[in-house]
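Encoded as structure tokens, the structure appears first; notes follow it.
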Amino acid sequence: MDKLKRRSLKVLGASLGAGAFAVAMEPLRAFTAGLTLDQFLRSHFRELDPEELKDLLSRLEQEASEKIGRPVTMRADPPIEGVQFGYALNLSVCVGCRKCAEACHIENNHDRATNNSYIRVLEMDQGSLDLERGNADYDHPVPQPGKYYLPIQCQQCENPPCVKVCPVEATWKEPDGIVVVDYDWCIGCRYCEAACPYHARRFNWTAPVVPPAEVNTDQGYLSNRIRPQGVMEKCTFCLHRTRRGEMPACLEACPTGARVFGDLADENSPIRWVLANKRVFVLKEELGTRPRFFYFFDK
Amino acid sequence: MSRSPSSAPPESSTSSGPPPPSTRGGHQPDAPSYFLFLWRAFRTAFDGRWPYYAWMTLLTICALIGANAWAHQVADGLVRTGMSDHVSWGFYIANFTFSVGLAAGAVMMVIPAYLYDDHEMHDVVIIGEMLAIAAIVWCLGFVIVDMGRPDRLWHMLPGLGRFNFPRSMLTWDVVVLSGYLVINLHITGYLLYMRFLGRRPAKRWYVPFVFVSIGWAVSVHAVTAFLYAGLGGRPFWNSALLAPRFIVTAFVAGPAFIIVLLEVLRRVSSYRIGLGPTRTLHQIMKVTVAANLFMFASEVFTSLYAGGAHASAVQYLLFGLHGKSGLVPWMWTAIVMNVASIIILLLPRSHQDGRLLAFACVLAFIGVWIEKGMGLIVPGFVPSTLHELVEYTPSWTEWRVSLGVAAAGLIVLTVALKIALAVLTGRVTIEGYVPSIRPPAPAREVAAE
Ligand code: SF4
């Protein structure tokens with residue numbers, strides 16, 4: 001009798017526990033509901049054959065269009081043979097207006113609430129390159145006397161620490177020098193964010209929200225399509241634009257012409273002219289990351 | 001409690017009372033007996049007296065609270081945590097790091113037992129290995145709850161996903177941690193199964209593994225240190241002293257936990273554990289707590305005296321920087337605790353007074369938890385790589401999820417110990433199963449499960 005009582009108590013306890021577990025995990029449903037088996041089993045971007053890629057892009061295109069009620073184009077332009085992208089920035093003319101950061105925000109479909117951008121502009125003391133004395137949160141008319149401005153975005157390192165550390169190869173360097181993330185492969189461990197010395201990586205702490213009317217419909221798989229929740233993202237020098245010969249959005253937005261973008265492999269490109277004729281430097285050279293983003297002063 | 005005459009303990013296990021091991025005998029290991037072993041182990045896990053049920057219920061409730069908080073976090077995103085793009089790792093990774101240390105430190109029991117052939121230690125080796133297993137559960141738990149996309153965990157599976165081995169240190173960590181889990185499961189499982197059969201364990205089936213696990217313990221923790229030390233952009237972590245410091249703190253936290261655990265087991269279990277192991281661990285801690293303090297001091301000196309980028313993180317940690325000082329009270333608490341614990345450990349009285357020793361262990365344990373948890377992870381991010389000062393405090397969600405993970409590990413530890421002690425005391429053998437609800441014999445009045 002006692003034994004029976006004990007056993008039924010145990011069964012009761014076990015079923016109570018199981019029930020409580022189901023209740024506790026209930027909120028997960030909201031997450032799994034938005035997840036299709038297809039998405040769950042998607043292969044790594046670089047393992048897709050051309051057919052699969054085409055299917056995937058048209059599916060993503062359709063999903064994105066449905067979501068905002070406007071046609072979206074979703075492309076995955078391959079790198080152009082022989083091109084090596086590089087960027088240079090003239091610190092003598094940059095006035096710190098943050099127009100580049102703003103253009104990035106719009107172009108790359110960044111979350112509106114956080115006002116995210118891949119570019120941070122530091123206000124620096126004249127005569128010092130010490131980042132410790134910079135200030136990214138300035139909120140006053142620019143330029144201020146005695147200051148200069150240092151915009152920082154992904155440096156597209158030749159030896160990228162972020163790529164090295166990724167446990168699942170969700171981030172890699174493309175042949176044209178751009179470090180990209182497969183948003184559908186990243187597991188969101190944020191090791192790369194810890195590894196990056198330039199604060200270039202951003203994490204989607206929640207699903208980004210862009211009002212449908214404001215979405216940039218010209219989207220790239222590896223660049224500015226709206227990112228899923230819980231994955232890493234970063235500046236790609238707007239590869240959805242630059243791979244078809246356009247300039248990055250930040251360059252076009254710059255009112256002072258401080259930004260020079262181009263093909264490092266092309267001897268006649270403006271960027272090569274800058275490298276040949278200006279005394280350029282890179283950030284944190286001592287770390288051996290070999291950035292492809294160069295800074296210079298005019299005067 | 002009747003013990004079958006043929007029940008043979010693992011060699012040299014004398015202090016627990018069962019008859020000396022017979023050289024042969026026992027049952028042949030075969031599949032049915034193995035299933036019986038698993039089944040009886042399972043039964044043991046669900047069978048105990050009321051304090052056991054109360055404890056397990058409490059743990060289950062905590063685990064459920066954590067599961068619920070985690071489910072919300074997965075649904076809404078890591079925005080529910082206190083982390084940001086500036087401080088992108090926080091409480092979870094801090095606890096992960098500490099747990100790796102605990103896992104590594106737990107086999108500190110094994111080193112004296114096997115390298116120096118300390119026989120009394122043999123009896124408690126299993127307890128250390130079980131702590132290692134539970135600590136690995138903590139490690140895995142804390143890593144998984146930190147992931148932005150736990151649904152993509154399979155991307156890490158070699159073969160199925162794309163495992164960036166050997167380039168990424170994180171993949172090394174996955175390899176060494178899972179290997180460590182397997183080794184420890186094998187050793188404990190084998191020894192218990194043999195005892196269950198009443199056989200003498202064959203040395204070749206566990207001694208080599210024991211030695212491997214010792215080396216492996218060092219490697220799990222070194223690899224975890226390299227995970228941070230290898231990041232050139234984070235001066236606070238980018239130090240060659242990090243790995244040695246990790247090992248030393250592991251050998252503080254592991255023994256501290258085990259000393260307290262042995263003290264608890266002496267009270268709640270009928271398994272007789274001598275004082276020898278405690279004494280050995282006490283000696284170990286005298287060295288490691290002091291060594292840890294010394295390494296910490298030399299780290300602080302090097303950073304502060306030289307100045308520069310390295311200094312600002314240490315300054316933030318110990319004194320606050322530009323008015324931000326979130327970690328300062330934590331860090332000083334840790335330092336005070338560590339210093340107090342070494343003082344107590346060195347007092348002759350701590351050798352006689354079990355409570356005092358346990359108190360010193362608790363101090364050291366919490367001290368290391370702070371120092372190697374939050375005190376190590378957060379200053380890696382404050383100031384950030386662009387020298388911005390954004391502070392971090394764990395959110396309510398992070399506390400609850402961490403509570404849940406901690407409870408899950410403790411459930412594993414409790415159940416594992418429950419089974420181990422039932423087998424070691426001869427209550428569960430191939431011949432029979434003595435449920436713990438049977439009225440205890442007078443001699444075992446104190447024995448509770
Ligand atoms: S966050 Fe994503 S891209 Fe970064 S290391 Fe982790 S898996 Fe790789």
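Ligands are numbered from 1 in the order shown, residues from 1 within each chain, and chains are lettered A, B, ... in the order they appear in the structure tokens.
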
Margin query: Show me which residues are within 9 Å of ligand 1 counting only C-alpha atoms and all ligand atoms, and format the list as JSON, numbers by chain.
Written below: {"A": [162, 163, 164, 165, 166, 167, 168, 169, 170, 171, 172, 180, 181, 182, 183, 185, 186, 187, 188, 189, 190, 191, 192, 193, 194, 195, 201, 203, 230, 231, 232, 233], "B": [147, 148, 149, 155, 168, 170]}

Serialized selection, N, CA and C atoms, as a CSV table (one decimal), in the first residue's frame:
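Produced file out_38.csv, reproduced below:
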```
chain,number,residue,atom,x,y,z
A,162,CYS,N,38.6,38.6,-37.1
A,162,CYS,CA,37.2,38.1,-36.9
A,162,CYS,C,36.9,36.8,-37.7
A,163,VAL,N,37.6,36.7,-38.9
A,163,VAL,CA,37.3,35.6,-39.7
A,163,VAL,C,38.0,34.3,-39.1
A,164,LYS,N,39.2,34.6,-38.6
A,164,LYS,CA,40.0,33.5,-38.0
A,164,LYS,C,39.2,32.8,-36.8
A,165,VAL,N,38.5,33.6,-36.0
A,165,VAL,CA,37.9,33.1,-34.8
A,165,VAL,C,36.6,32.4,-35.0
A,166,CYS,N,35.9,32.7,-36.1
A,166,CYS,CA,34.5,32.2,-36.3
A,166,CYS,C,34.5,30.6,-36.2
A,167,PRO,N,33.8,30.0,-35.3
A,167,PRO,CA,33.8,28.6,-35.2
A,167,PRO,C,33.1,27.9,-36.4
A,168,VAL,N,32.2,28.6,-37.1
A,168,VAL,CA,31.5,27.9,-38.1
A,168,VAL,C,31.7,28.4,-39.5
A,169,GLU,N,32.7,29.2,-39.7
A,169,GLU,CA,33.0,29.8,-41.0
A,169,GLU,C,31.8,30.6,-41.5
A,170,ALA,N,31.1,31.3,-40.7
A,170,ALA,CA,30.0,32.1,-41.1
A,170,ALA,C,30.5,33.4,-41.7
A,171,THR,N,31.7,33.7,-41.5
A,171,THR,CA,32.2,35.0,-42.0
A,171,THR,C,33.5,34.7,-42.7
A,172,TRP,N,33.8,35.3,-43.8
A,172,TRP,CA,35.0,35.0,-44.6
A,172,TRP,C,35.3,36.2,-45.4
A,180,VAL,N,32.7,39.3,-45.4
A,180,VAL,CA,31.2,39.2,-45.3
A,180,VAL,C,30.7,38.2,-44.3
A,181,VAL,N,29.4,38.3,-44.0
A,181,VAL,CA,28.8,37.3,-43.1
A,181,VAL,C,27.6,36.7,-43.8
A,182,ASP,N,27.5,35.4,-43.6
A,182,ASP,CA,26.3,34.7,-44.1
A,182,ASP,C,25.3,34.8,-42.9
A,183,TYR,N,24.4,35.7,-43.0
A,183,TYR,CA,23.4,35.9,-41.9
A,183,TYR,C,22.6,34.6,-41.6
A,185,TRP,N,23.8,31.7,-41.6
A,185,TRP,CA,24.7,30.6,-41.1
A,185,TRP,C,25.3,30.9,-39.7
A,186,CYS,N,25.4,32.2,-39.5
A,186,CYS,CA,26.0,32.7,-38.2
A,186,CYS,C,25.2,32.1,-37.0
A,187,ILE,N,25.9,31.6,-36.0
A,187,ILE,CA,25.2,31.1,-34.8
A,187,ILE,C,25.1,32.1,-33.7
A,188,GLY,N,25.6,33.3,-33.9
A,188,GLY,CA,25.5,34.4,-32.9
A,188,GLY,C,26.3,34.2,-31.7
A,189,CYS,N,27.5,33.7,-31.8
A,189,CYS,CA,28.3,33.5,-30.6
A,189,CYS,C,29.1,34.8,-30.2
A,190,ARG,N,29.2,35.7,-31.2
A,190,ARG,CA,29.9,37.0,-31.0
A,190,ARG,C,31.3,36.9,-30.7
A,191,TYR,N,32.0,35.8,-31.1
A,191,TYR,CA,33.4,35.7,-30.9
A,191,TYR,C,34.1,36.7,-31.8
A,192,CYS,N,33.6,36.9,-33.0
A,192,CYS,CA,34.2,37.8,-34.0
A,192,CYS,C,34.1,39.3,-33.4
A,193,GLU,N,33.0,39.6,-32.7
A,193,GLU,CA,32.8,40.9,-32.2
A,193,GLU,C,33.9,41.2,-31.2
A,194,ALA,N,34.2,40.2,-30.4
A,194,ALA,CA,35.2,40.3,-29.4
A,194,ALA,C,36.6,40.4,-30.1
A,195,ALA,N,36.8,39.8,-31.2
A,195,ALA,CA,38.1,39.8,-31.9
A,195,ALA,C,38.4,41.0,-32.6
A,201,ARG,N,32.0,45.3,-35.9
A,201,ARG,CA,30.9,44.4,-36.1
A,201,ARG,C,29.7,44.7,-35.2
A,203,PHE,N,25.9,43.3,-33.6
A,203,PHE,CA,25.0,42.1,-33.4
A,203,PHE,C,23.6,42.6,-33.4
A,230,GLY,N,19.6,37.9,-33.9
A,230,GLY,CA,20.5,37.0,-33.3
A,230,GLY,C,21.8,36.7,-34.1
A,231,VAL,N,22.1,37.5,-35.2
A,231,VAL,CA,23.2,37.2,-36.0
A,231,VAL,C,24.1,38.4,-36.1
A,232,MET,N,25.3,38.2,-36.6
A,232,MET,CA,26.3,39.3,-36.7
A,232,MET,C,26.1,40.0,-38.0
A,233,GLU,N,26.4,41.3,-38.1
A,233,GLU,CA,26.4,42.0,-39.4
A,233,GLU,C,27.6,43.0,-39.4
B,147,MET,N,24.2,31.9,-27.0
B,147,MET,CA,24.1,32.0,-28.5
B,147,MET,C,22.9,32.8,-29.0
B,148,GLY,N,23.2,33.6,-30.0
B,148,GLY,CA,22.1,34.3,-30.6
B,148,GLY,C,21.1,33.4,-31.4
B,149,ARG,N,21.7,32.3,-31.9
B,149,ARG,CA,20.9,31.4,-32.7
B,149,ARG,C,21.1,29.9,-32.3
B,155,HIS,N,25.4,23.7,-36.9
B,155,HIS,CA,26.4,24.2,-37.8
B,155,HIS,C,27.8,24.0,-37.2
B,168,SER,N,39.8,28.3,-35.4
B,168,SER,CA,39.1,29.0,-34.4
B,168,SER,C,39.4,28.3,-33.0
B,170,LEU,N,37.6,28.6,-30.6
B,170,LEU,CA,36.3,28.1,-30.0
B,170,LEU,C,36.0,26.7,-30.4
```

Please build the interface table for chain B against chain A with a cut-off of 7 Å, listing for each qualifying residue the nearest atom pair and the distance in Å to one decimal; count only C-alpha atoms, order rows by chain and increasing number, and write it as JSON lines.
```
{"residue": "B:Leu64", "atom": "CA", "partner": "A:Ala24", "partner_atom": "CA", "distance": 6.2}
{"residue": "B:Ala67", "atom": "CA", "partner": "A:Ala24", "partner_atom": "CA", "distance": 6.1}
{"residue": "B:Asn68", "atom": "CA", "partner": "A:Ala24", "partner_atom": "CA", "distance": 4.3}
{"residue": "B:Ala71", "atom": "CA", "partner": "A:Leu28", "partner_atom": "CA", "distance": 4.9}
{"residue": "B:His72", "atom": "CA", "partner": "A:Pro27", "partner_atom": "CA", "distance": 5.4}
{"residue": "B:Val74", "atom": "CA", "partner": "A:Leu28", "partner_atom": "CA", "distance": 6.7}
{"residue": "B:Ala75", "atom": "CA", "partner": "A:Phe31", "partner_atom": "CA", "distance": 4.8}
{"residue": "B:Asp76", "atom": "CA", "partner": "A:Thr206", "partner_atom": "CA", "distance": 6.3}
{"residue": "B:Gly77", "atom": "CA", "partner": "A:Thr206", "partner_atom": "CA", "distance": 4.6}
{"residue": "B:Leu78", "atom": "CA", "partner": "A:Trp205", "partner_atom": "CA", "distance": 4.9}
{"residue": "B:Val79", "atom": "CA", "partner": "A:Trp205", "partner_atom": "CA", "distance": 4.7}
{"residue": "B:Asp85", "atom": "CA", "partner": "A:Arg202", "partner_atom": "CA", "distance": 6.0}
{"residue": "B:Ser88", "atom": "CA", "partner": "A:Arg190", "partner_atom": "CA", "distance": 6.9}
{"residue": "B:Asp146", "atom": "CA", "partner": "A:Cys189", "partner_atom": "CA", "distance": 6.8}
{"residue": "B:Met147", "atom": "CA", "partner": "A:Cys189", "partner_atom": "CA", "distance": 4.9}
{"residue": "B:Gly148", "atom": "CA", "partner": "A:Gly230", "partner_atom": "CA", "distance": 4.1}
{"residue": "B:Arg149", "atom": "CA", "partner": "A:Ile187", "partner_atom": "CA", "distance": 4.8}
{"residue": "B:Pro150", "atom": "CA", "partner": "A:Ile187", "partner_atom": "CA", "distance": 6.8}
{"residue": "B:Arg152", "atom": "CA", "partner": "A:Ile187", "partner_atom": "CA", "distance": 5.6}
{"residue": "B:Leu153", "atom": "CA", "partner": "A:Ile187", "partner_atom": "CA", "distance": 6.7}
{"residue": "B:His155", "atom": "CA", "partner": "A:Val168", "partner_atom": "CA", "distance": 6.2}
{"residue": "B:Met156", "atom": "CA", "partner": "A:Val168", "partner_atom": "CA", "distance": 5.7}
{"residue": "B:Arg162", "atom": "CA", "partner": "A:Val168", "partner_atom": "CA", "distance": 5.1}
{"residue": "B:Phe163", "atom": "CA", "partner": "A:Val168", "partner_atom": "CA", "distance": 5.1}
{"residue": "B:Asn164", "atom": "CA", "partner": "A:Pro167", "partner_atom": "CA", "distance": 4.9}
{"residue": "B:Arg167", "atom": "CA", "partner": "A:Lys164", "partner_atom": "CA", "distance": 6.0}
{"residue": "B:Ser168", "atom": "CA", "partner": "A:Val165", "partner_atom": "CA", "distance": 4.3}
{"residue": "B:Met169", "atom": "CA", "partner": "A:Val165", "partner_atom": "CA", "distance": 6.4}
{"residue": "B:Leu170", "atom": "CA", "partner": "A:Pro167", "partner_atom": "CA", "distance": 5.8}
{"residue": "B:Thr171", "atom": "CA", "partner": "A:Pro167", "partner_atom": "CA", "distance": 5.5}
{"residue": "B:Leu231", "atom": "CA", "partner": "A:Ala195", "partner_atom": "CA", "distance": 5.5}
{"residue": "B:Gly232", "atom": "CA", "partner": "A:Leu287", "partner_atom": "CA", "distance": 6.3}
{"residue": "B:Gly233", "atom": "CA", "partner": "A:Pro197", "partner_atom": "CA", "distance": 4.3}
{"residue": "B:Thr385", "atom": "CA", "partner": "A:Pro197", "partner_atom": "CA", "distance": 5.5}
{"residue": "B:Leu386", "atom": "CA", "partner": "A:Leu131", "partner_atom": "CA", "distance": 6.0}
{"residue": "B:His387", "atom": "CA", "partner": "A:Glu132", "partner_atom": "CA", "distance": 5.0}
```

Notebook entry, point to check: In segment 232-324 of chain B, what's helix (DSSP H, G or I) per DSSP? Answer as a ChimeraX atom specification?
Noted result: /B:242-268,276-306,309-318

Next item on the list: Have a look at atom CA of Val174 of chain B and atom CA of Val210 of chain B and let me know their distance in Å, one decimal.
Entry: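 Calculated distance between atom CA of Val174 of chain B and atom CA of Val210 of chain B is 20.4 Å.
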
Check: In Å to one decimal, how far is atom CA of Asp176 of chain A from atom CA of Val83 of chain A?
Finding: 5.5 Å

Quick one: residues within 10 Å of Ala213 of chain A, only C-alpha atoms counted, chain neighbours fewer than 5 positions away excluded, as a PDB file with C-alpha atoms, in the first residue's frame?
```pdb
ATOM      1  CA  ILE A  68       6.843  45.203 -47.081  1.00  0.00           C
ATOM      2  CA  GLY A  69       4.254  45.076 -49.864  1.00  0.00           C
ATOM      3  CA  ARG A  70       6.705  46.376 -52.466  1.00  0.00           C
TER       4      ARG A  70
END
```

Find the residues near Leu60 of chain A: any atom within 8 Å, counting only C-alpha atoms, skip ones fewer than 4 places away on the same chain, and give them as a tab-separated table (two decimals) with N, CA, C and O atoms, in the first residue's frame.
```tsv
chain	number	residue	atom	x	y	z
A	56	LEU	N	17.16	30.16	-53.90
A	56	LEU	CA	17.20	30.81	-52.60
A	56	LEU	C	16.93	32.29	-52.74
A	56	LEU	O	16.11	32.87	-52.02
A	64	ALA	N	10.74	38.90	-48.81
A	64	ALA	CA	10.98	40.30	-48.46
A	64	ALA	C	9.93	41.20	-49.08
A	64	ALA	O	9.46	42.15	-48.45
A	74	MET	N	16.70	40.99	-54.79
A	74	MET	CA	17.68	40.34	-53.91
A	74	MET	C	18.76	39.75	-54.80
A	74	MET	O	18.51	38.87	-55.59
```

Notebook entry, point to check: Rounded to one decimal in Å, what is the spacing between atom CA of His27 of chain B and atom CA of Gly432 of chain B?
Noted result: 12.9 Å

Check: Which of segment 87-178 of chain A counts as strand (DSSP E) under DSSP, as a PyMOL selection string please?
Finding: chain A and resi 87-90+120-125+147-152+171-173

Margin query: For segment 331-346 of chain B, find every residue with an atom within 8 Å (counting only C-alpha atoms), except residues of its own chain fewer than 3 positions away, and show them as JSON, numbers by chain.
Written below: {"B": [282, 285, 286, 289, 290, 293, 317, 318, 327, 328, 350, 356, 357, 360, 361, 363, 364, 366, 367, 368, 370, 371, 375]}

Go ahead and save the picked residues with C-alpha atoms, as a PDB file, in the first residue's frame.
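As a result, again.pdb now contains:
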```
ATOM      1  CA  HIS B 282      43.820  21.882   1.867  1.00  0.00           C
ATOM      2  CA  MET B 285      44.811  25.307  -1.851  1.00  0.00           C
ATOM      3  CA  LYS B 286      47.424  26.933   0.343  1.00  0.00           C
ATOM      4  CA  VAL B 289      45.269  30.660  -3.564  1.00  0.00           C
ATOM      5  CA  ALA B 290      48.563  32.370  -2.839  1.00  0.00           C
ATOM      6  CA  LEU B 293      46.985  36.376  -5.697  1.00  0.00           C
ATOM      7  CA  LEU B 317      38.483  47.261 -12.878  1.00  0.00           C
ATOM      8  CA  LEU B 318      40.127  48.397  -9.657  1.00  0.00           C
ATOM      9  CA  LEU B 327      33.130  46.613 -11.259  1.00  0.00           C
ATOM     10  CA  VAL B 328      35.082  48.248  -8.456  1.00  0.00           C
ATOM     11  CA  SER B 350      41.775  25.365   9.972  1.00  0.00           C
ATOM     12  CA  LEU B 356      36.418  27.075   9.406  1.00  0.00           C
ATOM     13  CA  LEU B 357      38.041  25.313   6.495  1.00  0.00           C
ATOM     14  CA  ALA B 360      37.704  29.587   3.751  1.00  0.00           C
ATOM     15  CA  CYS B 361      36.754  27.442   0.770  1.00  0.00           C
ATOM     16  CA  LEU B 363      35.436  32.604   0.351  1.00  0.00           C
ATOM     17  CA  ALA B 364      37.988  31.384  -2.158  1.00  0.00           C
ATOM     18  CA  ILE B 366      33.294  33.170  -4.550  1.00  0.00           C
ATOM     19  CA  GLY B 367      36.457  35.215  -4.847  1.00  0.00           C
ATOM     20  CA  VAL B 368      37.563  33.276  -7.902  1.00  0.00           C
ATOM     21  CA  ILE B 370      34.067  37.103  -9.316  1.00  0.00           C
ATOM     22  CA  GLU B 371      37.657  37.553 -10.370  1.00  0.00           C
ATOM     23  CA  GLY B 375      36.308  40.563 -13.395  1.00  0.00           C
TER      24      GLY B 375
END
```

Which residues, written as an mmCIF file with N, CA and C atoms, in the first residue's frame, have at least one atom at most 8 Å from Ala407 of chain B, with only C-alpha atoms counted and residues fewer than 4 positions away on the same chain left out?
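Output below, filename selection.cif:
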```cif
data_model
loop_
_atom_site.group_PDB
_atom_site.id
_atom_site.type_symbol
_atom_site.label_atom_id
_atom_site.label_comp_id
_atom_site.auth_asym_id
_atom_site.auth_seq_id
_atom_site.Cartn_x
_atom_site.Cartn_y
_atom_site.Cartn_z
ATOM 1 N N LEU B 59 15.750 22.286 -6.917
ATOM 2 C CA LEU B 59 16.593 22.450 -8.109
ATOM 3 C C LEU B 59 15.746 22.476 -9.374
ATOM 4 N N THR B 60 14.739 21.600 -9.405
ATOM 5 C CA THR B 60 13.896 21.557 -10.592
ATOM 6 C C THR B 60 13.176 22.887 -10.784
ATOM 7 N N CYS B 62 14.170 25.817 -9.815
ATOM 8 C CA CYS B 62 15.152 26.797 -10.301
ATOM 9 C C CYS B 62 15.442 26.571 -11.782
ATOM 10 N N ALA B 63 15.592 25.306 -12.166
ATOM 11 C CA ALA B 63 15.890 25.005 -13.566
ATOM 12 C C ALA B 63 14.746 25.469 -14.460
ATOM 13 N N LEU B 403 20.765 31.048 -13.125
ATOM 14 C CA LEU B 403 20.269 30.224 -12.018
ATOM 15 C C LEU B 403 19.817 28.865 -12.554
ATOM 16 N N ILE B 411 21.647 19.351 -10.522
ATOM 17 C CA ILE B 411 20.819 18.151 -10.633
ATOM 18 C C ILE B 411 21.688 16.988 -11.112
#
```
